[in-house]
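Colleague: The structure under discussion is supplied below as structure tokens; questions concerning it will follow.
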Amino acid sequence: MSTHYTAELLPKEKVFRDPVHDYIHIQYRIIMDLINAPEFQRLRRIKQLGTSSYTFHGAEHSRFNHSLGVYEIARRICDKFVRNYPSKAHGDGLWDDGERLVTLCAALLHDIGHGPFSHTFEKIFDTDHEAITIEIITSPDTEINRILQRVGPDFPNQVAAVIAKTYDNPQVVQLISSQIDADRMDYLLRDAYYSGVTYGNFDLTRILRVIRPYEHGIAFDISGMHAVEDYIVSRYQMYMQIYFHPVSRGMEVVLSHLLKRAKDVYLDEQAEFRHTATFLTPFFKQTWTLKDYLRLDDGVLTTYFNHWLDEKDPILNDLAYRFVNRHPFKSVRYTKGRDDATLERMSAIIERMGFNPDYYTAVNNSYDLPYDLYRPHQATTKTQIELVQKNGSFLELSQASSIVSALTGKVRGDERFYFPREITHGDEEAGINLFESLSKEFSTFFENDEILPTQQTGGTL
């Protein structure tokens, strides 16, 4: 059973001016202290969208301002709940405002464990940002933990439990992590704003008007169904148009291979690094600690990428040049199973043109489930979105919305095969293509951005 804690109010409310939410209101000293902690300030130096800024040049925003935005949405929901749905007796399914502090701290700190270029970095060095988030909150070695400890000895564990989804109040957990939560609502609006697109826009004001607590979590008045429906569609469009953009993924592939090559070269006793990569060494060796992790940010890695422009290893040097100077790999869609033999033939041509397939080809798949209902027999289940009807009964969202029904349970996305652009375009700066015949053969395998079925392809190896 969770323990309710109170916290000291600031003498005067502080605000952060925000382009998405106008003002972000800070009323508790603990929130201000957490924001000022070094572990949280590090988030200023980590981009929210990683390599997407190479496609959408305005998307330079950080995980710092996203985290503030999630906090602000959570704060507004708490205000709405305590005003309209205050608990009058234990177990009545309404909002107990004693949960406010743990909700606000979990909202603020939910992304504190992200590393530089987070998802790509995680794959190469086998880190887990959610596990690291919990460690930052619970480790006595962090400033974040010491600040939380001032509220109460078990308070850090309570905040961590919300993020781990083990906290005993489902309302709090679902406000931070569900199919419609403060996290998702902020990143859709924020990422759309900074990317310069309208796909992610939805009526946040209306959603905050119709959201309500109930015994098993959060729900929405059926009168606001269309606002929730619009949110689901906006999320789907953002994934298809922004998060899964093939050029952003092309830069992610270059980054992934660059880090992989740096690791391989470092671990090769015969290789020689001209420049040290001190902060990355524990990750190459897999001996890193939380302190090592917190030293890293996008700027640290970018500095090393610039150093690697001068390294002797030609692959490391070349991949660093491609990433620093924005030369993404080109890609074509493919169908797994059907096109496997074709991919092997294409990879063989790439190798004949002098490129090591281990570092110059990649299969990248990006899939998302826009919405799903609760399926108790599956290993991983979703918390479905519930609508409250006028008589107080509940109706699952896809039962009320034909648009959401069309997206429910259907995974969207694609798989793409990535390779250097010059495979098909030659050296455009020099105006030459030394492998023109191989390039032409390579190009016979795909058309209209998609690999052709085997019977339609030509060429021999």
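Quick note on naming: the chains in the structure tokens go A, B, ... in the order shown, residues restart at 1 in each chain, and ligands are numbered from 1 in order of appearance.
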Could you list, as an mmCIF file with N, CA, C and O atoms, in the first residue's frame, every residue within 10 Å of A:Glu13, counting only C-alpha atoms and ignoring same-chain residues fewer than 5 positions away?

Modeller:
data_model
loop_
_atom_site.group_PDB
_atom_site.id
_atom_site.type_symbol
_atom_site.label_atom_id
_atom_site.label_comp_id
_atom_site.auth_asym_id
_atom_site.auth_seq_id
_atom_site.Cartn_x
_atom_site.Cartn_y
_atom_site.Cartn_z
ATOM 1 N N HIS A 25 3.681 25.403 -14.877
ATOM 2 C CA HIS A 25 3.565 25.957 -13.529
ATOM 3 C C HIS A 25 4.250 25.050 -12.508
ATOM 4 O O HIS A 25 3.932 23.865 -12.411
ATOM 5 N N ILE A 26 5.164 25.629 -11.754
ATOM 6 C CA ILE A 26 5.885 24.898 -10.712
ATOM 7 C C ILE A 26 5.459 25.448 -9.355
ATOM 8 O O ILE A 26 5.689 26.627 -9.052
ATOM 9 N N GLN A 27 4.833 24.601 -8.537
ATOM 10 C CA GLN A 27 4.310 25.054 -7.247
ATOM 11 C C GLN A 27 5.034 24.432 -6.053
ATOM 12 O O GLN A 27 5.041 25.009 -4.971
ATOM 13 N N TYR A 28 5.670 23.273 -6.263
ATOM 14 C CA TYR A 28 6.341 22.573 -5.166
ATOM 15 C C TYR A 28 7.856 22.749 -5.267
ATOM 16 O O TYR A 28 8.443 22.665 -6.356
ATOM 17 N N ARG A 29 8.481 22.932 -4.121
ATOM 18 C CA ARG A 29 9.936 23.090 -4.096
ATOM 19 C C ARG A 29 10.636 21.840 -4.630
ATOM 20 O O ARG A 29 11.650 21.928 -5.329
#

Colleague: Please identify every residue of stretch 187-245 of chain A that has at least one atom no farther than 9 Å from an atom of stretch 65-73 of chain A, counting only C-alpha atoms, and for each give the shortest atom pair and the distance in Å to one decimal, arranged by chain then increasing number, as a Markdown table.

Modeller:
| residue | atom | partner | partner_atom | distance |
| --- | --- | --- | --- | --- |
| A:Tyr187 | CA | A:His66 | CA | 6.5 |
| A:Arg190 | CA | A:His66 | CA | 7.2 |
| A:Asp191 | CA | A:His66 | CA | 9.0 |
| A:Leu208 | CA | A:Ile73 | CA | 8.6 |

Colleague: Please provide the set of residues having any atom within 12 Å of A:Gln149, restricted to only C-alpha atoms, with same-chain residues fewer than 3 positions apart removed, written as a PyMOL selection string.

Modeller: chain A and resi 5+7+30+34+137-146+152-159

Colleague: Please write the residues from the selection above to a file, keeping N, CA and C atoms, as a PDB file, in the first residue's frame.

Modeller:
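Result saved to out02.pdb:
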ATOM      1  N   TYR A   5       2.564  11.376   0.799  1.00  0.00           N
ATOM      2  CA  TYR A   5       3.494  12.360   1.335  1.00  0.00           C
ATOM      3  C   TYR A   5       3.057  13.762   0.920  1.00  0.00           C
ATOM      4  N   ALA A   7       4.532  17.897   0.429  1.00  0.00           N
ATOM      5  CA  ALA A   7       5.784  18.567   0.111  1.00  0.00           C
ATOM      6  C   ALA A   7       5.627  20.070   0.300  1.00  0.00           C
ATOM      7  N   ILE A  30      10.086  20.664  -4.329  1.00  0.00           N
ATOM      8  CA  ILE A  30      10.733  19.436  -4.784  1.00  0.00           C
ATOM      9  C   ILE A  30      10.796  19.365  -6.303  1.00  0.00           C
ATOM     10  N   LEU A  34      14.216  19.072  -8.353  1.00  0.00           N
ATOM     11  CA  LEU A  34      14.460  17.981  -9.302  1.00  0.00           C
ATOM     12  C   LEU A  34      14.876  18.526 -10.665  1.00  0.00           C
ATOM     13  N   ILE A 137      16.538   7.035 -10.043  1.00  0.00           N
ATOM     14  CA  ILE A 137      15.579   7.429  -9.006  1.00  0.00           C
ATOM     15  C   ILE A 137      15.884   6.755  -7.670  1.00  0.00           C
ATOM     16  N   THR A 138      16.333   5.520  -7.711  1.00  0.00           N
ATOM     17  CA  THR A 138      16.501   4.744  -6.472  1.00  0.00           C
ATOM     18  C   THR A 138      17.932   4.673  -5.960  1.00  0.00           C
ATOM     19  N   SER A 139      18.921   5.043  -6.769  1.00  0.00           N
ATOM     20  CA  SER A 139      20.313   4.942  -6.331  1.00  0.00           C
ATOM     21  C   SER A 139      20.667   6.056  -5.347  1.00  0.00           C
ATOM     22  N   PRO A 140      21.239   5.730  -4.201  1.00  0.00           N
ATOM     23  CA  PRO A 140      21.627   6.766  -3.235  1.00  0.00           C
ATOM     24  C   PRO A 140      22.764   7.652  -3.732  1.00  0.00           C
ATOM     25  N   ASP A 141      23.347   7.294  -4.882  1.00  0.00           N
ATOM     26  CA  ASP A 141      24.472   8.071  -5.406  1.00  0.00           C
ATOM     27  C   ASP A 141      24.026   9.247  -6.275  1.00  0.00           C
ATOM     28  N   THR A 142      22.729   9.391  -6.515  1.00  0.00           N
ATOM     29  CA  THR A 142      22.276  10.474  -7.407  1.00  0.00           C
ATOM     30  C   THR A 142      21.645  11.613  -6.610  1.00  0.00           C
ATOM     31  N   GLU A 143      21.735  12.809  -7.176  1.00  0.00           N
ATOM     32  CA  GLU A 143      21.086  13.973  -6.579  1.00  0.00           C
ATOM     33  C   GLU A 143      19.573  13.816  -6.617  1.00  0.00           C
ATOM     34  N   ILE A 144      19.064  13.206  -7.698  1.00  0.00           N
ATOM     35  CA  ILE A 144      17.630  12.964  -7.817  1.00  0.00           C
ATOM     36  C   ILE A 144      17.114  12.166  -6.624  1.00  0.00           C
ATOM     37  N   ASN A 145      17.817  11.101  -6.288  1.00  0.00           N
ATOM     38  CA  ASN A 145      17.395  10.262  -5.160  1.00  0.00           C
ATOM     39  C   ASN A 145      17.439  11.033  -3.848  1.00  0.00           C
ATOM     40  N   ARG A 146      18.479  11.821  -3.650  1.00  0.00           N
ATOM     41  CA  ARG A 146      18.604  12.569  -2.395  1.00  0.00           C
ATOM     42  C   ARG A 146      17.471  13.585  -2.244  1.00  0.00           C
ATOM     43  N   GLY A 152      10.322  11.570   1.798  1.00  0.00           N
ATOM     44  CA  GLY A 152      10.078  10.410   2.655  1.00  0.00           C
ATOM     45  C   GLY A 152      11.005   9.290   2.251  1.00  0.00           C
ATOM     46  N   PRO A 153      11.366   8.401   3.198  1.00  0.00           N
ATOM     47  CA  PRO A 153      12.365   7.369   2.910  1.00  0.00           C
ATOM     48  C   PRO A 153      11.951   6.399   1.808  1.00  0.00           C
ATOM     49  N   ASP A 154      10.657   6.162   1.664  1.00  0.00           N
ATOM     50  CA  ASP A 154      10.192   5.227   0.638  1.00  0.00           C
ATOM     51  C   ASP A 154       9.704   5.932  -0.621  1.00  0.00           C
ATOM     52  N   PHE A 155       9.765   7.259  -0.614  1.00  0.00           N
ATOM     53  CA  PHE A 155       9.204   8.010  -1.743  1.00  0.00           C
ATOM     54  C   PHE A 155       9.902   7.701  -3.067  1.00  0.00           C
ATOM     55  N   PRO A 156      11.242   7.582  -3.123  1.00  0.00           N
ATOM     56  CA  PRO A 156      11.874   7.215  -4.401  1.00  0.00           C
ATOM     57  C   PRO A 156      11.354   5.893  -4.951  1.00  0.00           C
ATOM     58  N   ASN A 157      11.129   4.925  -4.075  1.00  0.00           N
ATOM     59  CA  ASN A 157      10.622   3.625  -4.537  1.00  0.00           C
ATOM     60  C   ASN A 157       9.206   3.740  -5.089  1.00  0.00           C
ATOM     61  N   GLN A 158       8.411   4.637  -4.502  1.00  0.00           N
ATOM     62  CA  GLN A 158       7.060   4.840  -5.008  1.00  0.00           C
ATOM     63  C   GLN A 158       7.086   5.451  -6.403  1.00  0.00           C
ATOM     64  N   VAL A 159       7.931   6.458  -6.598  1.00  0.00           N
ATOM     65  CA  VAL A 159       8.052   7.086  -7.922  1.00  0.00           C
ATOM     66  C   VAL A 159       8.534   6.056  -8.940  1.00  0.00           C
TER      67      VAL A 159
END

Colleague: Would you compute the distance between atom CA of A:Gln179 and atom CA of A:Gln389? Give it in Å to one decimal.

Modeller: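 About the pair atom CA of A:Gln179 and atom CA of A:Gln389: they are 19.7 Å apart.
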
Colleague: Given only C-alpha atoms, how would the per-residue table for stretch 203-306 of chain A near stretch 418-421 of chain A read, listing every residue at most 10 Å away with its closest atom pair and distance in Å to one decimal, sorted by chain and number, as a tab-separated table?

Modeller:
residue	atom	partner	partner_atom	distance
A:Pro246	CA	A:Tyr418	CA	9.4
A:Arg249	CA	A:Tyr418	CA	9.0
A:Gly250	CA	A:Tyr418	CA	6.9
A:Val253	CA	A:Tyr418	CA	7.7
A:Val254	CA	A:Pro420	CA	9.4

Colleague: Using N, CA, C and O atoms, can you write the selected residues to a file as a compact mmCIF listing (two decimals), in the first residue's frame?

Modeller:
# COMPACT_ATOMS: atom_id res chain seq x y z
N PRO A 246 11.75 7.31 -43.76
CA PRO A 246 12.88 6.49 -44.22
C PRO A 246 14.23 7.21 -44.21
O PRO A 246 15.26 6.56 -44.01
N ARG A 249 15.53 7.16 -40.65
CA ARG A 249 16.01 5.80 -40.38
C ARG A 249 17.31 5.53 -41.11
O ARG A 249 18.18 4.79 -40.62
N GLY A 250 17.50 6.15 -42.28
CA GLY A 250 18.76 6.02 -43.00
C GLY A 250 19.92 6.62 -42.22
O GLY A 250 21.04 6.08 -42.22
N VAL A 253 20.65 4.23 -39.31
CA VAL A 253 21.46 3.08 -39.74
C VAL A 253 22.93 3.47 -39.79
O VAL A 253 23.81 2.73 -39.33
N VAL A 254 23.23 4.64 -40.34
CA VAL A 254 24.63 5.11 -40.40
C VAL A 254 25.17 5.23 -38.97
O VAL A 254 26.30 4.78 -38.69

Colleague: Using only C-alpha atoms, which residue out of A:Thr6, A:Thr127, A:Gln174, A:Thr166 lies closest to A:Asp97?

Modeller: A:Thr6

Colleague: Quick one: residues within 12 Å of A:Asn306, only C-alpha atoms, excluding same-chain residues fewer than 4 positions away - as a ChimeraX atom specification?

Modeller: /A:258,275-277,299-302,310-311,316-325

Colleague: Can you tell me how far atom CA of A:Ala89 sits from atom CA of A:Glu215, in Å to one decimal?

Modeller: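 Distance between the two atoms: 12.2 Å.
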
Colleague: Quick one: residues within 12 Å of A:Ala406, only C-alpha atoms counted, chain neighbours fewer than 2 positions away excluded, as a ChimeraX atom specification?

Modeller: /A:229,232-233,236,369-372,397-404,408-412

Colleague: Among stretch 311-347 of chain A, which ones does DSSP assign to alpha helix (DSSP H) (computed from the backbone)? Answer as a list in words.

Modeller: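 Written out, the alpha helix (DSSP H) residues of stretch 311-347 of chain A are Pro314, Ile315, Leu316, Asn317, Asp318, Leu319, Ala320, Tyr321, Arg322, Phe323, Val324, Asp340, Ala341, Thr342, Leu343, Glu344, Arg345, Met346 and Ser347 of chain A.
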
Colleague: Kindly export the residues of the current selection with all heavy atoms, as a compact mmCIF listing (two decimals), in the first residue's frame.

Modeller:
# COMPACT_ATOMS: atom_id res chain seq x y z
N PRO A 314 39.52 3.02 -42.34
CA PRO A 314 38.76 3.66 -43.41
C PRO A 314 37.25 3.56 -43.23
O PRO A 314 36.52 4.48 -43.62
CB PRO A 314 39.23 2.93 -44.68
CG PRO A 314 39.76 1.61 -44.20
CD PRO A 314 40.33 1.87 -42.84
N ILE A 315 36.77 2.46 -42.65
CA ILE A 315 35.32 2.32 -42.47
C ILE A 315 34.84 3.27 -41.38
O ILE A 315 33.83 3.97 -41.54
CB ILE A 315 34.96 0.86 -42.13
CG1 ILE A 315 35.27 -0.05 -43.32
CG2 ILE A 315 33.49 0.75 -41.74
CD1 ILE A 315 35.02 -1.52 -43.06
N LEU A 316 35.55 3.33 -40.25
CA LEU A 316 35.20 4.24 -39.18
C LEU A 316 35.24 5.68 -39.68
O LEU A 316 34.32 6.48 -39.43
CB LEU A 316 36.15 4.06 -38.00
CG LEU A 316 35.88 4.92 -36.77
CD1 LEU A 316 34.53 4.57 -36.16
CD2 LEU A 316 36.99 4.76 -35.74
N ASN A 317 36.29 6.01 -40.40
CA ASN A 317 36.44 7.35 -40.96
C ASN A 317 35.29 7.70 -41.88
O ASN A 317 34.69 8.78 -41.80
CB ASN A 317 37.78 7.40 -41.71
CG ASN A 317 38.02 8.73 -42.39
OD1 ASN A 317 37.34 9.07 -43.35
ND2 ASN A 317 38.99 9.47 -41.90
N ASP A 318 34.95 6.78 -42.77
CA ASP A 318 33.89 7.04 -43.75
C ASP A 318 32.52 7.17 -43.11
O ASP A 318 31.74 8.08 -43.43
CB ASP A 318 33.87 5.92 -44.79
CG ASP A 318 32.77 6.11 -45.82
OD1 ASP A 318 32.83 7.10 -46.57
OD2 ASP A 318 31.85 5.28 -45.86
N LEU A 319 32.20 6.27 -42.17
CA LEU A 319 30.90 6.33 -41.52
C LEU A 319 30.76 7.59 -40.68
O LEU A 319 29.68 8.19 -40.62
CB LEU A 319 30.68 5.09 -40.66
CG LEU A 319 30.51 3.77 -41.42
CD1 LEU A 319 30.50 2.58 -40.45
CD2 LEU A 319 29.24 3.77 -42.27
N ALA A 320 31.84 8.01 -40.03
CA ALA A 320 31.81 9.27 -39.28
C ALA A 320 31.53 10.44 -40.21
O ALA A 320 30.74 11.33 -39.89
CB ALA A 320 33.13 9.47 -38.53
N TYR A 321 32.17 10.43 -41.38
CA TYR A 321 31.95 11.50 -42.36
C TYR A 321 30.48 11.52 -42.80
O TYR A 321 29.86 12.59 -42.90
CB TYR A 321 32.86 11.31 -43.57
CG TYR A 321 32.69 12.39 -44.61
CD1 TYR A 321 33.41 13.58 -44.53
CD2 TYR A 321 31.79 12.24 -45.66
CE1 TYR A 321 33.24 14.59 -45.47
CE2 TYR A 321 31.61 13.23 -46.60
CZ TYR A 321 32.34 14.41 -46.51
OH TYR A 321 32.15 15.41 -47.44
N ARG A 322 29.93 10.35 -43.07
CA ARG A 322 28.54 10.28 -43.52
C ARG A 322 27.59 10.82 -42.45
O ARG A 322 26.63 11.53 -42.78
CB ARG A 322 28.17 8.83 -43.86
CG ARG A 322 28.83 8.29 -45.12
CD ARG A 322 28.54 6.80 -45.29
NE ARG A 322 29.32 6.21 -46.35
CZ ARG A 322 28.91 6.09 -47.62
NH1 ARG A 322 27.71 6.53 -47.98
NH2 ARG A 322 29.69 5.55 -48.53
N PHE A 323 27.85 10.50 -41.18
CA PHE A 323 26.92 10.95 -40.14
C PHE A 323 27.09 12.44 -39.87
O PHE A 323 26.10 13.18 -39.82
CB PHE A 323 27.12 10.16 -38.85
CG PHE A 323 26.05 10.45 -37.84
CD1 PHE A 323 24.79 9.89 -37.97
CD2 PHE A 323 26.29 11.31 -36.78
CE1 PHE A 323 23.77 10.17 -37.06
CE2 PHE A 323 25.29 11.61 -35.87
CZ PHE A 323 24.03 11.04 -36.01
N VAL A 324 28.31 12.89 -39.70
CA VAL A 324 28.54 14.29 -39.36
C VAL A 324 28.03 15.21 -40.47
O VAL A 324 27.49 16.29 -40.20
CB VAL A 324 30.04 14.55 -39.09
CG1 VAL A 324 30.34 16.03 -38.99
CG2 VAL A 324 30.47 13.83 -37.80
N ASP A 340 14.00 -12.45 -49.46
CA ASP A 340 15.26 -12.76 -48.79
C ASP A 340 16.37 -13.10 -49.78
O ASP A 340 17.52 -12.64 -49.64
CB ASP A 340 15.07 -13.93 -47.81
CG ASP A 340 14.21 -13.54 -46.60
OD1 ASP A 340 13.92 -12.33 -46.46
OD2 ASP A 340 13.83 -14.43 -45.83
N ALA A 341 16.06 -13.90 -50.79
CA ALA A 341 17.07 -14.28 -51.79
C ALA A 341 17.53 -13.05 -52.57
O ALA A 341 18.71 -12.91 -52.89
CB ALA A 341 16.51 -15.34 -52.73
N THR A 342 16.60 -12.16 -52.87
CA THR A 342 16.95 -10.94 -53.59
C THR A 342 17.88 -10.06 -52.77
O THR A 342 18.84 -9.48 -53.30
CB THR A 342 15.68 -10.15 -53.97
OG1 THR A 342 14.81 -10.99 -54.73
CG2 THR A 342 16.03 -8.92 -54.79
N LEU A 343 17.63 -9.97 -51.47
CA LEU A 343 18.51 -9.18 -50.60
C LEU A 343 19.92 -9.74 -50.61
O LEU A 343 20.90 -8.98 -50.59
CB LEU A 343 17.97 -9.15 -49.17
CG LEU A 343 16.69 -8.36 -48.89
CD1 LEU A 343 16.48 -8.21 -47.40
CD2 LEU A 343 16.72 -7.00 -49.54
N GLU A 344 20.05 -11.06 -50.64
CA GLU A 344 21.37 -11.67 -50.69
C GLU A 344 22.09 -11.29 -51.98
O GLU A 344 23.29 -11.00 -51.98
CB GLU A 344 21.25 -13.19 -50.58
CG GLU A 344 20.84 -13.67 -49.19
CD GLU A 344 20.83 -15.19 -49.09
OE1 GLU A 344 21.41 -15.84 -50.00
OE2 GLU A 344 20.27 -15.72 -48.12
N ARG A 345 21.37 -11.28 -53.09
CA ARG A 345 21.97 -10.91 -54.38
C ARG A 345 22.37 -9.44 -54.37
O ARG A 345 23.45 -9.07 -54.87
CB ARG A 345 20.98 -11.18 -55.51
CG ARG A 345 20.62 -12.67 -55.66
CD ARG A 345 19.48 -12.88 -56.64
NE ARG A 345 19.91 -12.64 -58.03
CZ ARG A 345 19.08 -12.66 -59.06
NH1 ARG A 345 17.78 -12.89 -58.87
NH2 ARG A 345 19.54 -12.45 -60.29
N MET A 346 21.53 -8.58 -53.79
CA MET A 346 21.85 -7.15 -53.72
C MET A 346 23.05 -6.92 -52.82
O MET A 346 23.94 -6.11 -53.15
CB MET A 346 20.63 -6.38 -53.21
CG MET A 346 19.43 -6.41 -54.16
SD MET A 346 17.92 -5.70 -53.46
CE MET A 346 18.29 -3.94 -53.56
N SER A 347 23.13 -7.64 -51.71
CA SER A 347 24.28 -7.50 -50.80
C SER A 347 25.57 -7.96 -51.47
O SER A 347 26.63 -7.36 -51.27
CB SER A 347 24.04 -8.32 -49.52
OG SER A 347 22.95 -7.81 -48.79
